[in-house]
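Engineer: Structure: my_file-v5.pdb, PDB, N, CA and C atoms and all ligand atoms.
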ATOM      1  N   MET T 250       9.136 -12.549  -6.330  1.00  0.00           N
ATOM      2  CA  MET T 250       9.170 -12.196  -4.910  1.00  0.00           C
ATOM      3  C   MET T 250       7.871 -11.513  -4.517  1.00  0.00           C
ATOM      4  N   ALA T 251       7.464 -11.732  -3.318  1.00  0.00           N
ATOM      5  CA  ALA T 251       6.243 -11.107  -2.820  1.00  0.00           C
ATOM      6  C   ALA T 251       6.534  -9.671  -2.402  1.00  0.00           C
ATOM      7  N   LYS T 252       5.488  -8.908  -2.375  1.00  0.00           N
ATOM      8  CA  LYS T 252       5.592  -7.526  -1.914  1.00  0.00           C
ATOM      9  C   LYS T 252       4.807  -7.386  -0.617  1.00  0.00           C
ATOM     10  N   MET T 253       5.346  -6.599   0.295  1.00  0.00           N
ATOM     11  CA  MET T 253       4.666  -6.372   1.560  1.00  0.00           C
ATOM     12  C   MET T 253       4.507  -4.883   1.797  1.00  0.00           C
ATOM     13  N   LEU T 254       3.335  -4.520   2.227  1.00  0.00           N
ATOM     14  CA  LEU T 254       3.066  -3.131   2.573  1.00  0.00           C
ATOM     15  C   LEU T 254       2.526  -3.085   3.988  1.00  0.00           C
ATOM     16  N   SER T 255       3.209  -2.321   4.841  1.00  0.00           N
ATOM     17  CA  SER T 255       2.742  -2.129   6.201  1.00  0.00           C
ATOM     18  C   SER T 255       2.300  -0.692   6.368  1.00  0.00           C
ATOM     19  N   CYS T 256       1.023  -0.503   6.579  1.00  0.00           N
ATOM     20  CA  CYS T 256       0.495   0.829   6.795  1.00  0.00           C
ATOM     21  C   CYS T 256       0.687   1.211   8.253  1.00  0.00           C
ATOM     22  N   PRO T 257       0.910   2.480   8.543  1.00  0.00           N
ATOM     23  CA  PRO T 257       1.057   2.914   9.931  1.00  0.00           C
ATOM     24  C   PRO T 257      -0.150   2.573  10.800  1.00  0.00           C
ATOM     25  N   CYS T 258      -1.299   2.344  10.236  1.00  0.00           N
ATOM     26  CA  CYS T 258      -2.499   2.029  11.014  1.00  0.00           C
ATOM     27  C   CYS T 258      -2.525   0.577  11.453  1.00  0.00           C
ATOM     28  N   GLY T 259      -1.591  -0.218  10.986  1.00  0.00           N
ATOM     29  CA  GLY T 259      -1.567  -1.612  11.371  1.00  0.00           C
ATOM     30  C   GLY T 259      -2.019  -2.543  10.262  1.00  0.00           C
ATOM     31  N   TRP T 260      -2.531  -1.982   9.210  1.00  0.00           N
ATOM     32  CA  TRP T 260      -2.969  -2.789   8.067  1.00  0.00           C
ATOM     33  C   TRP T 260      -1.754  -3.280   7.306  1.00  0.00           C
ATOM     34  N   THR T 261      -1.735  -4.560   7.008  1.00  0.00           N
ATOM     35  CA  THR T 261      -0.606  -5.134   6.295  1.00  0.00           C
ATOM     36  C   THR T 261      -1.109  -5.899   5.081  1.00  0.00           C
ATOM     37  N   LEU T 262      -0.427  -5.715   3.998  1.00  0.00           N
ATOM     38  CA  LEU T 262      -0.780  -6.421   2.777  1.00  0.00           C
ATOM     39  C   LEU T 262       0.435  -7.181   2.287  1.00  0.00           C
ATOM     40  N   ILE T 263       0.241  -8.440   2.009  1.00  0.00           N
ATOM     41  CA  ILE T 263       1.302  -9.216   1.368  1.00  0.00           C
ATOM     42  C   ILE T 263       0.753  -9.733   0.046  1.00  0.00           C
ATOM     43  N   SER T 264       1.409  -9.381  -1.013  1.00  0.00           N
ATOM     44  CA  SER T 264       0.912  -9.763  -2.328  1.00  0.00           C
ATOM     45  C   SER T 264       1.984 -10.458  -3.141  1.00  0.00           C
ATOM     46  N   PRO T 265       1.737 -11.673  -3.536  1.00  0.00           N
ATOM     47  CA  PRO T 265       2.684 -12.354  -4.417  1.00  0.00           C
ATOM     48  C   PRO T 265       2.393 -12.113  -5.886  1.00  0.00           C
ATOM     49  N   GLN T 266       1.394 -11.317  -6.184  1.00  0.00           N
ATOM     50  CA  GLN T 266       0.897 -11.267  -7.551  1.00  0.00           C
ATOM     51  C   GLN T 266       1.075  -9.913  -8.232  1.00  0.00           C
ATOM     52  N   GLY T 267       1.725  -8.994  -7.545  1.00  0.00           N
ATOM     53  CA  GLY T 267       2.004  -7.735  -8.202  1.00  0.00           C
ATOM     54  C   GLY T 267       0.830  -6.788  -8.292  1.00  0.00           C
ATOM     55  N   VAL T 268      -0.178  -6.992  -7.476  1.00  0.00           N
ATOM     56  CA  VAL T 268      -1.323  -6.089  -7.484  1.00  0.00           C
ATOM     57  C   VAL T 268      -1.313  -5.208  -6.239  1.00  0.00           C
ATOM     58  N   GLU T 269      -0.184  -5.234  -5.538  1.00  0.00           N
ATOM     59  CA  GLU T 269      -0.114  -4.535  -4.251  1.00  0.00           C
ATOM     60  C   GLU T 269      -0.322  -3.030  -4.392  1.00  0.00           C
ATOM     61  N   ASP T 270       0.104  -2.478  -5.507  1.00  0.00           N
ATOM     62  CA  ASP T 270      -0.021  -1.033  -5.654  1.00  0.00           C
ATOM     63  C   ASP T 270      -1.484  -0.611  -5.735  1.00  0.00           C
ATOM     64  N   VAL T 271      -2.262  -1.381  -6.433  1.00  0.00           N
ATOM     65  CA  VAL T 271      -3.685  -1.067  -6.546  1.00  0.00           C
ATOM     66  C   VAL T 271      -4.365  -1.196  -5.190  1.00  0.00           C
ATOM     67  N   ASN T 272      -4.093  -2.307  -4.512  1.00  0.00           N
ATOM     68  CA  ASN T 272      -4.717  -2.520  -3.221  1.00  0.00           C
ATOM     69  C   ASN T 272      -4.287  -1.481  -2.202  1.00  0.00           C
ATOM     70  N   ALA T 273      -3.043  -1.062  -2.279  1.00  0.00           N
ATOM     71  CA  ALA T 273      -2.552  -0.052  -1.350  1.00  0.00           C
ATOM     72  C   ALA T 273      -3.276   1.265  -1.557  1.00  0.00           C
ATOM     73  N   LEU T 274      -3.503   1.622  -2.779  1.00  0.00           N
ATOM     74  CA  LEU T 274      -4.195   2.878  -3.052  1.00  0.00           C
ATOM     75  C   LEU T 274      -5.656   2.792  -2.618  1.00  0.00           C
ATOM     76  N   ILE T 275      -6.258   1.629  -2.806  1.00  0.00           N
ATOM     77  CA  ILE T 275      -7.637   1.449  -2.356  1.00  0.00           C
ATOM     78  C   ILE T 275      -7.715   1.582  -0.842  1.00  0.00           C
ATOM     79  N   HIS T 276      -6.756   0.974  -0.144  1.00  0.00           N
ATOM     80  CA  HIS T 276      -6.737   1.073   1.312  1.00  0.00           C
ATOM     81  C   HIS T 276      -6.573   2.517   1.752  1.00  0.00           C
ATOM     82  N   ALA T 277      -5.666   3.216   1.142  1.00  0.00           N
ATOM     83  CA  ALA T 277      -5.413   4.596   1.538  1.00  0.00           C
ATOM     84  C   ALA T 277      -6.659   5.452   1.348  1.00  0.00           C
ATOM     85  N   LYS T 278      -7.355   5.224   0.274  1.00  0.00           N
ATOM     86  CA  LYS T 278      -8.537   6.045   0.001  1.00  0.00           C
ATOM     87  C   LYS T 278      -9.707   5.653   0.889  1.00  0.00           C
ATOM     88  N   ASP T 279      -9.819   4.347   1.179  1.00  0.00           N
ATOM     89  CA  ASP T 279     -10.949   3.886   1.973  1.00  0.00           C
ATOM     90  C   ASP T 279     -10.768   4.172   3.453  1.00  0.00           C
ATOM     91  N   CYS T 280      -9.550   3.936   3.961  1.00  0.00           N
ATOM     92  CA  CYS T 280      -9.314   3.998   5.400  1.00  0.00           C
ATOM     93  C   CYS T 280      -8.692   5.308   5.838  1.00  0.00           C
ATOM     94  N   HIS T 281      -8.096   6.023   4.934  1.00  0.00           N
ATOM     95  CA  HIS T 281      -7.417   7.262   5.290  1.00  0.00           C
ATOM     96  C   HIS T 281      -7.797   8.367   4.306  1.00  0.00           C
ATOM     97  N   PRO T 282      -9.084   8.659   4.245  1.00  0.00           N
ATOM     98  CA  PRO T 282      -9.512   9.649   3.255  1.00  0.00           C
ATOM     99  C   PRO T 282      -8.982  11.043   3.552  1.00  0.00           C
ATOM    100  N   GLY T 283      -8.516  11.254   4.787  1.00  0.00           N
ATOM    101  CA  GLY T 283      -8.000  12.569   5.136  1.00  0.00           C
ATOM    102  C   GLY T 283      -6.554  12.756   4.747  1.00  0.00           C
ATOM    103  N   LEU T 284      -5.885  11.646   4.446  1.00  0.00           N
ATOM    104  CA  LEU T 284      -4.484  11.752   4.071  1.00  0.00           C
ATOM    105  C   LEU T 284      -4.357  12.276   2.648  1.00  0.00           C
ATOM    106  N   THR T 285      -3.251  12.902   2.413  1.00  0.00           N
ATOM    107  CA  THR T 285      -3.007  13.435   1.081  1.00  0.00           C
ATOM    108  C   THR T 285      -1.820  12.726   0.447  1.00  0.00           C
ATOM    109  N   GLU T 286      -1.709  11.446   0.763  1.00  0.00           N
ATOM    110  CA  GLU T 286      -0.609  10.674   0.202  1.00  0.00           C
ATOM    111  C   GLU T 286      -0.734  10.621  -1.312  1.00  0.00           C
ATOM    112  N   THR T 287       0.362  10.826  -1.934  1.00  0.00           N
ATOM    113  CA  THR T 287       0.371  10.658  -3.379  1.00  0.00           C
ATOM    114  C   THR T 287       0.618   9.195  -3.703  1.00  0.00           C
ATOM    115  N   GLU T 288       0.392   8.848  -4.927  1.00  0.00           N
ATOM    116  CA  GLU T 288       0.626   7.465  -5.319  1.00  0.00           C
ATOM    117  C   GLU T 288       2.070   7.072  -5.074  1.00  0.00           C
ATOM    118  N   ASP T 289       2.984   7.974  -5.347  1.00  0.00           N
ATOM    119  CA  ASP T 289       4.395   7.681  -5.127  1.00  0.00           C
ATOM    120  C   ASP T 289       4.687   7.389  -3.665  1.00  0.00           C
ATOM    121  N   GLU T 290       4.075   8.165  -2.777  1.00  0.00           N
ATOM    122  CA  GLU T 290       4.335   7.973  -1.353  1.00  0.00           C
ATOM    123  C   GLU T 290       3.809   6.631  -0.873  1.00  0.00           C
ATOM    124  N   VAL T 291       2.651   6.240  -1.379  1.00  0.00           N
ATOM    125  CA  VAL T 291       2.109   4.937  -1.019  1.00  0.00           C
ATOM    126  C   VAL T 291       3.016   3.833  -1.529  1.00  0.00           C
ATOM    127  N   LEU T 292       3.473   3.976  -2.745  1.00  0.00           N
ATOM    128  CA  LEU T 292       4.303   2.930  -3.327  1.00  0.00           C
ATOM    129  C   LEU T 292       5.634   2.799  -2.604  1.00  0.00           C
ATOM    130  N   LYS T 293       6.103   3.877  -2.004  1.00  0.00           N
ATOM    131  CA  LYS T 293       7.368   3.816  -1.264  1.00  0.00           C
ATOM    132  C   LYS T 293       7.245   2.964  -0.005  1.00  0.00           C
ATOM    133  N   MET T 294       6.013   2.772   0.467  1.00  0.00           N
ATOM    134  CA  MET T 294       5.818   1.970   1.666  1.00  0.00           C
ATOM    135  C   MET T 294       5.854   0.480   1.352  1.00  0.00           C
ATOM    136  N   ILE T 295       5.879   0.146   0.080  1.00  0.00           N
ATOM    137  CA  ILE T 295       5.882  -1.254  -0.316  1.00  0.00           C
ATOM    138  C   ILE T 295       7.316  -1.782  -0.308  1.00  0.00           C
ATOM    139  N   LYS T 296       7.486  -2.925   0.350  1.00  0.00           N
ATOM    140  CA  LYS T 296       8.801  -3.539   0.415  1.00  0.00           C
ATOM    141  C   LYS T 296       8.753  -4.912  -0.224  1.00  0.00           C
ATOM    142  N   THR T 297       9.821  -5.269  -0.864  1.00  0.00           N
ATOM    143  CA  THR T 297       9.925  -6.614  -1.424  1.00  0.00           C
ATOM    144  C   THR T 297      10.432  -7.556  -0.352  1.00  0.00           C
ATOM    145  N   VAL T 298       9.727  -8.647  -0.169  1.00  0.00           N
ATOM    146  CA  VAL T 298      10.093  -9.604   0.873  1.00  0.00           C
ATOM    147  C   VAL T 298      10.391 -10.968   0.277  1.00  0.00           C
TER     148      VAL T 298
HETATM  149 ZN    ZN T 301      -3.865   2.260   6.856  1.00  0.00          ZN
END
Turn the structure described in the file into structure tokens.
Ligand SMILES: [Zn+2]

Structural biologist:
Amino acid sequence: MAKMLSCPCGWTLISPQGVEDVNALIHAKDCHPGLTETEDEVLKMIKTV
């Protein structure tokens, strides 16, 4: 099953390959450097679709 991550900023990631967690963390660090999201919090935003 694919994984989908919708960031509150409008960025959406759909990954069929299981690399969504890495990409999500990269996005959070690149686009939201002021956020203090932990890895767990980012991963909670990922939904299986
Ligand atoms: Zn974002």

Engineer: Taking only chain T into account, list the residues labelled strand (DSSP E) by DSSP (computed from the backbone), as a ChimeraX atom specification.

Structural biologist: /T:252-255,261-264,295-297

Engineer: Mind the document's chain letters and residue numbers, and return as a list in words the residues of chain T that DSSP labels helix (DSSP H, G or I).

Structural biologist: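 Checking each residue of chain T, the helix (DSSP H, G or I) ones are Glu269, Asp270, Val271, Asn272, Ala273, Leu274, Ile275, His276, Ala277, Lys278, Asp279, Cys280, Glu288, Asp289, Glu290, Val291, Leu292 and Lys293 of chain T.
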
Engineer: Within 8 Å of ligand ZN 301 (chain T) (counting only C-alpha atoms and all ligand atoms), which residues show up? I'd like them as a list in words.

Structural biologist: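 Within the 8 Å cut-off, the matching residues are Ser255, Cys256, Pro257, Cys258, Gly259, Trp260, His276, Ala277, Cys280 and His281 of chain T.
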
Engineer: Distance atom C of Gly283 in chain T-atom C of Gln266 in chain T, one decimal place?

Structural biologist: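 Atom C of Gln266 in chain T lies 27.2 Å from atom C of Gly283 in chain T.
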
Engineer: If you count all atoms listed in the file, which residues fall within 5 Å of Lys252 in chain T, apart from same-chain ones fewer than 5 positions away, as an MDAnalysis selection string?

Structural biologist: chainID T and resid 263:265 296:298

Engineer: Can you tell me how far atom N of Asp279 in chain T sits from CA of Ala251 in chain T, in Å to one decimal?

Structural biologist: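 Going from atom N of Asp279 in chain T over to CA of Ala251 in chain T, I get 22.6 Å.
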
Engineer: Could you work out an axis-aligned bounding box for all listed atoms of range 256-260 of chain T, with 4 Å added on each of the six sides, and give its centre and edge lengths in Å to one decimal, as JSON?

Structural biologist:
{"center_x": -1.0, "center_y": -0.2, "center_z": 9.0, "size_x": 12.0, "size_y": 14.2, "size_z": 12.9}

Engineer: Need the shell around Leu254 in chain T: protein/DNA/RNA residues with any atom at most 6 Å away, counting only C-alpha atoms. Skip same-chain ones fewer than 2 positions apart. Format as a PDB file with N, CA and C atoms, keeping the file's coordinate frame?

Structural biologist:
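Final output, result.pdb:
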ATOM      1  N   THR T 261      -1.735  -4.560   7.008  1.00  0.00           N
ATOM      2  CA  THR T 261      -0.606  -5.134   6.295  1.00  0.00           C
ATOM      3  C   THR T 261      -1.109  -5.899   5.081  1.00  0.00           C
ATOM      4  N   LEU T 262      -0.427  -5.715   3.998  1.00  0.00           N
ATOM      5  CA  LEU T 262      -0.780  -6.421   2.777  1.00  0.00           C
ATOM      6  C   LEU T 262       0.435  -7.181   2.287  1.00  0.00           C
ATOM      7  N   MET T 294       6.013   2.772   0.467  1.00  0.00           N
ATOM      8  CA  MET T 294       5.818   1.970   1.666  1.00  0.00           C
ATOM      9  C   MET T 294       5.854   0.480   1.352  1.00  0.00           C
ATOM     10  N   ILE T 295       5.879   0.146   0.080  1.00  0.00           N
ATOM     11  CA  ILE T 295       5.882  -1.254  -0.316  1.00  0.00           C
ATOM     12  C   ILE T 295       7.316  -1.782  -0.308  1.00  0.00           C
TER      13      ILE T 295
END

Engineer: Please indicate the distance in Å from atom N of Leu274 in chain T to atom C of Val291 in chain T, rounded to one decimal place.

Structural biologist: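 That distance, rounded to one decimal, is 7.0 Å.
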
Engineer: Add whatever atoms are absent from range 250-266 of chain T to reach N, CA, C and O atoms, and provide the output as an mmCIF file, in the coordinates of the input.

Structural biologist:
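Below is the file that was written, result29.cif:
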data_model
loop_
_atom_site.group_PDB
_atom_site.id
_atom_site.type_symbol
_atom_site.label_atom_id
_atom_site.label_comp_id
_atom_site.auth_asym_id
_atom_site.auth_seq_id
_atom_site.Cartn_x
_atom_site.Cartn_y
_atom_site.Cartn_z
ATOM 1 N N MET T 250 9.136 -12.549 -6.330
ATOM 2 C CA MET T 250 9.170 -12.196 -4.910
ATOM 3 C C MET T 250 7.871 -11.513 -4.517
ATOM 4 O O MET T 250 7.274 -10.782 -5.310
ATOM 5 N N ALA T 251 7.464 -11.732 -3.318
ATOM 6 C CA ALA T 251 6.243 -11.107 -2.820
ATOM 7 C C ALA T 251 6.534 -9.671 -2.402
ATOM 8 O O ALA T 251 7.672 -9.294 -2.105
ATOM 9 N N LYS T 252 5.488 -8.908 -2.375
ATOM 10 C CA LYS T 252 5.592 -7.526 -1.914
ATOM 11 C C LYS T 252 4.807 -7.386 -0.617
ATOM 12 O O LYS T 252 3.744 -7.983 -0.444
ATOM 13 N N MET T 253 5.346 -6.599 0.295
ATOM 14 C CA MET T 253 4.666 -6.372 1.560
ATOM 15 C C MET T 253 4.507 -4.883 1.797
ATOM 16 O O MET T 253 5.447 -4.104 1.593
ATOM 17 N N LEU T 254 3.335 -4.520 2.227
ATOM 18 C CA LEU T 254 3.066 -3.131 2.573
ATOM 19 C C LEU T 254 2.526 -3.085 3.988
ATOM 20 O O LEU T 254 1.550 -3.755 4.301
ATOM 21 N N SER T 255 3.209 -2.321 4.841
ATOM 22 C CA SER T 255 2.742 -2.129 6.201
ATOM 23 C C SER T 255 2.300 -0.692 6.368
ATOM 24 O O SER T 255 3.113 0.227 6.291
ATOM 25 N N CYS T 256 1.023 -0.503 6.579
ATOM 26 C CA CYS T 256 0.495 0.829 6.795
ATOM 27 C C CYS T 256 0.687 1.211 8.253
ATOM 28 O O CYS T 256 0.622 0.355 9.137
ATOM 29 N N PRO T 257 0.910 2.480 8.543
ATOM 30 C CA PRO T 257 1.057 2.914 9.931
ATOM 31 C C PRO T 257 -0.150 2.573 10.800
ATOM 32 O O PRO T 257 -0.031 2.503 12.019
ATOM 33 N N CYS T 258 -1.299 2.344 10.236
ATOM 34 C CA CYS T 258 -2.499 2.029 11.014
ATOM 35 C C CYS T 258 -2.525 0.577 11.453
ATOM 36 O O CYS T 258 -3.391 0.174 12.216
ATOM 37 N N GLY T 259 -1.591 -0.218 10.986
ATOM 38 C CA GLY T 259 -1.567 -1.612 11.371
ATOM 39 C C GLY T 259 -2.019 -2.543 10.262
ATOM 40 O O GLY T 259 -1.886 -3.754 10.375
ATOM 41 N N TRP T 260 -2.531 -1.982 9.210
ATOM 42 C CA TRP T 260 -2.969 -2.789 8.067
ATOM 43 C C TRP T 260 -1.754 -3.280 7.306
ATOM 44 O O TRP T 260 -0.828 -2.522 7.047
ATOM 45 N N THR T 261 -1.735 -4.560 7.008
ATOM 46 C CA THR T 261 -0.606 -5.134 6.295
ATOM 47 C C THR T 261 -1.109 -5.899 5.081
ATOM 48 O O THR T 261 -2.102 -6.614 5.158
ATOM 49 N N LEU T 262 -0.427 -5.715 3.998
ATOM 50 C CA LEU T 262 -0.780 -6.421 2.777
ATOM 51 C C LEU T 262 0.435 -7.181 2.287
ATOM 52 O O LEU T 262 1.529 -6.628 2.209
ATOM 53 N N ILE T 263 0.241 -8.440 2.009
ATOM 54 C CA ILE T 263 1.302 -9.216 1.368
ATOM 55 C C ILE T 263 0.753 -9.733 0.046
ATOM 56 O O ILE T 263 -0.287 -10.388 0.016
ATOM 57 N N SER T 264 1.409 -9.381 -1.013
ATOM 58 C CA SER T 264 0.912 -9.763 -2.328
ATOM 59 C C SER T 264 1.984 -10.458 -3.141
ATOM 60 O O SER T 264 3.044 -9.890 -3.387
ATOM 61 N N PRO T 265 1.737 -11.673 -3.536
ATOM 62 C CA PRO T 265 2.684 -12.354 -4.417
ATOM 63 C C PRO T 265 2.393 -12.113 -5.886
ATOM 64 O O PRO T 265 3.064 -12.668 -6.751
ATOM 65 N N GLN T 266 1.394 -11.317 -6.184
ATOM 66 C CA GLN T 266 0.897 -11.267 -7.551
ATOM 67 C C GLN T 266 1.075 -9.913 -8.232
ATOM 68 O O GLN T 266 0.602 -9.707 -9.339
#
